[in-house]
Amino acid sequence: MKKRMLGFVLVGSMMLGFGIGTRAEEAEVNKTDESVTAVANEEVNKEKEEVSEPVKQVDPPKQVDQDVAAEKVIVKRKIESLNDTDAKDKVPGLLSRLEKAVTMEEVQAISNEADQLWADYALAIEVNSYKNTIRDLQKLNKITKEKADELIAKLDNAKTVQEAKDIFSEVAGLIDGNAFAEKKDKLISKVNELTKQGKLTKEQGDKFLGQIEASRYLAELEIIEAEVDKQVKLNETSGEGEFKEKYATIEASIKQYVEQNKLTKEQGDNFLAKLKKCQTIDELNALSNEIEKQVKDNEATKTTTTKSKSILPQTGEKQTMVTILIGLMIILGAGFVFFKKRQAKNN
């Protein structure tokens, strides 16, 4: 029994020792394989790094240079456009700096300066426009001088276009674009109608139309309309006496022409009826021309009739000629008889 137990122990020990040795050998083999794989991977990575390094060193700088060059072209155009502004004296310096710029930061800084110059120019234009409008409103008595001076002082200190607009908004309501346009159209029509009626001369009408076109504010149109009405009254006052004098002259002429038989009674009555309908000097002048033409036509007709009558003999003239002819025949007959009797006696 003891021998059998001892045998089992020995056999187990041998098997255990064999297993341990096998495991150790497998571990050694695995370790060797892992080392080889690690070395291979390291060599591959090193090769990849050697290949990719030149790309990182060459391509990015090339791309940045192209971007800078493209941006410089854009900024150059922006700077050159300042030649049409009050900042044109700064253009050469900006272009020189832009030419020397090599980084995007430098180019962008120059671009920002150009943008600021443009903003300052736009602000100056806006401020000047607002100032002129404020002064016009003061002249038209829409705002006081004190208010105008206050707004102009604020505009001088404005830093942005929006700030200038906010300041001007205090008086912007005094300028009603829709009311202005409507008033302008009505006033133009009024002046044209007054000129057509003869209440304004063509020269006066053209003058007022020019003032209307040049106006910018509703208050200006109101002033122009007042001047139009004043001129119409002046024309009526000065033209009233002239109209009456012209009327009386034509009326007397018509009556005189009828008495002189230069116009028939019917023609005279017709012209007198037309005279009563005349309202302007132009209408009187037109009627006067019509009357004179009728008188000339009547005279031409009378002259033609007189010539015709002078050619044809009258009734009395015909009788006289017949009597003379009969008398001659009687005398000739008597003479012939006397001659025959005397000749017979002589024979």
# chains A, B, ... in the order shown; residues from 1 in each chain; ligands from 1
>>> residues_around(residues="region 253-259 of chain A", least_positions_apart="5", cutoff="9 Å", atoms="only C-alpha atoms", output="list in words")
Ala248, Thr264, Lys265, Gln267, Gly268, Asp269, Phe271, Leu272, Ile291 and Val295 of chain A
>>> write_last_selection(atoms="N, CA and C atoms", output="PDB file, in the first residue's frame")
ATOM      1  N   ALA A 248     -63.409 148.686 -74.735  1.00  0.00           N
ATOM      2  CA  ALA A 248     -64.111 149.869 -75.248  1.00  0.00           C
ATOM      3  C   ALA A 248     -63.679 150.199 -76.670  1.00  0.00           C
ATOM      4  N   THR A 264     -71.686 144.575 -92.169  1.00  0.00           N
ATOM      5  CA  THR A 264     -73.143 144.585 -92.235  1.00  0.00           C
ATOM      6  C   THR A 264     -73.691 144.682 -90.815  1.00  0.00           C
ATOM      7  N   LYS A 265     -74.954 145.020 -90.719  1.00  0.00           N
ATOM      8  CA  LYS A 265     -75.608 145.100 -89.405  1.00  0.00           C
ATOM      9  C   LYS A 265     -75.555 143.744 -88.702  1.00  0.00           C
ATOM     10  N   GLN A 267     -73.326 141.320 -89.147  1.00  0.00           N
ATOM     11  CA  GLN A 267     -71.944 141.051 -88.740  1.00  0.00           C
ATOM     12  C   GLN A 267     -71.587 141.836 -87.486  1.00  0.00           C
ATOM     13  N   GLY A 268     -71.992 143.086 -87.421  1.00  0.00           N
ATOM     14  CA  GLY A 268     -71.712 143.917 -86.259  1.00  0.00           C
ATOM     15  C   GLY A 268     -72.350 143.361 -85.001  1.00  0.00           C
ATOM     16  N   ASP A 269     -73.611 142.941 -85.094  1.00  0.00           N
ATOM     17  CA  ASP A 269     -74.296 142.374 -83.923  1.00  0.00           C
ATOM     18  C   ASP A 269     -73.612 141.086 -83.458  1.00  0.00           C
ATOM     19  N   PHE A 271     -70.404 140.295 -83.767  1.00  0.00           N
ATOM     20  CA  PHE A 271     -69.139 140.631 -83.100  1.00  0.00           C
ATOM     21  C   PHE A 271     -69.378 141.239 -81.714  1.00  0.00           C
ATOM     22  N   LEU A 272     -70.418 142.027 -81.562  1.00  0.00           N
ATOM     23  CA  LEU A 272     -70.732 142.599 -80.244  1.00  0.00           C
ATOM     24  C   LEU A 272     -71.100 141.506 -79.240  1.00  0.00           C
ATOM     25  N   ILE A 291     -62.281 140.666 -86.476  1.00  0.00           N
ATOM     26  CA  ILE A 291     -63.049 141.793 -87.016  1.00  0.00           C
ATOM     27  C   ILE A 291     -62.322 142.429 -88.202  1.00  0.00           C
ATOM     28  N   VAL A 295     -63.586 142.878 -92.170  1.00  0.00           N
ATOM     29  CA  VAL A 295     -63.640 144.172 -92.861  1.00  0.00           C
ATOM     30  C   VAL A 295     -62.886 144.102 -94.193  1.00  0.00           C
TER      31      VAL A 295
END
>>> residues_around(residues="Leu275 (chain A)", least_positions_apart="3", cutoff="12 Å", atoms="only C-alpha atoms", output="list of chain:residue names")
A:Phe243, A:Lys244, A:Lys246, A:Tyr247, A:Ala248, A:Thr249, A:Ile250, A:Glu251, A:Ala252, A:Ser253, A:Ile254, A:Gly268, A:Asp269, A:Asn270, A:Phe271, A:Leu272, A:Cys278, A:Gln279, A:Thr280, A:Ile281, A:Glu283, A:Leu284, A:Asn285, A:Ala286, A:Leu287, A:Ser288, A:Glu290, A:Ile291
>>> residues_around(residues="Gln211 (chain A)", least_positions_apart="5", cutoff="9 Å", atoms="only C-alpha atoms", output="PyMOL selection string")
chain A and resi 206+221+224
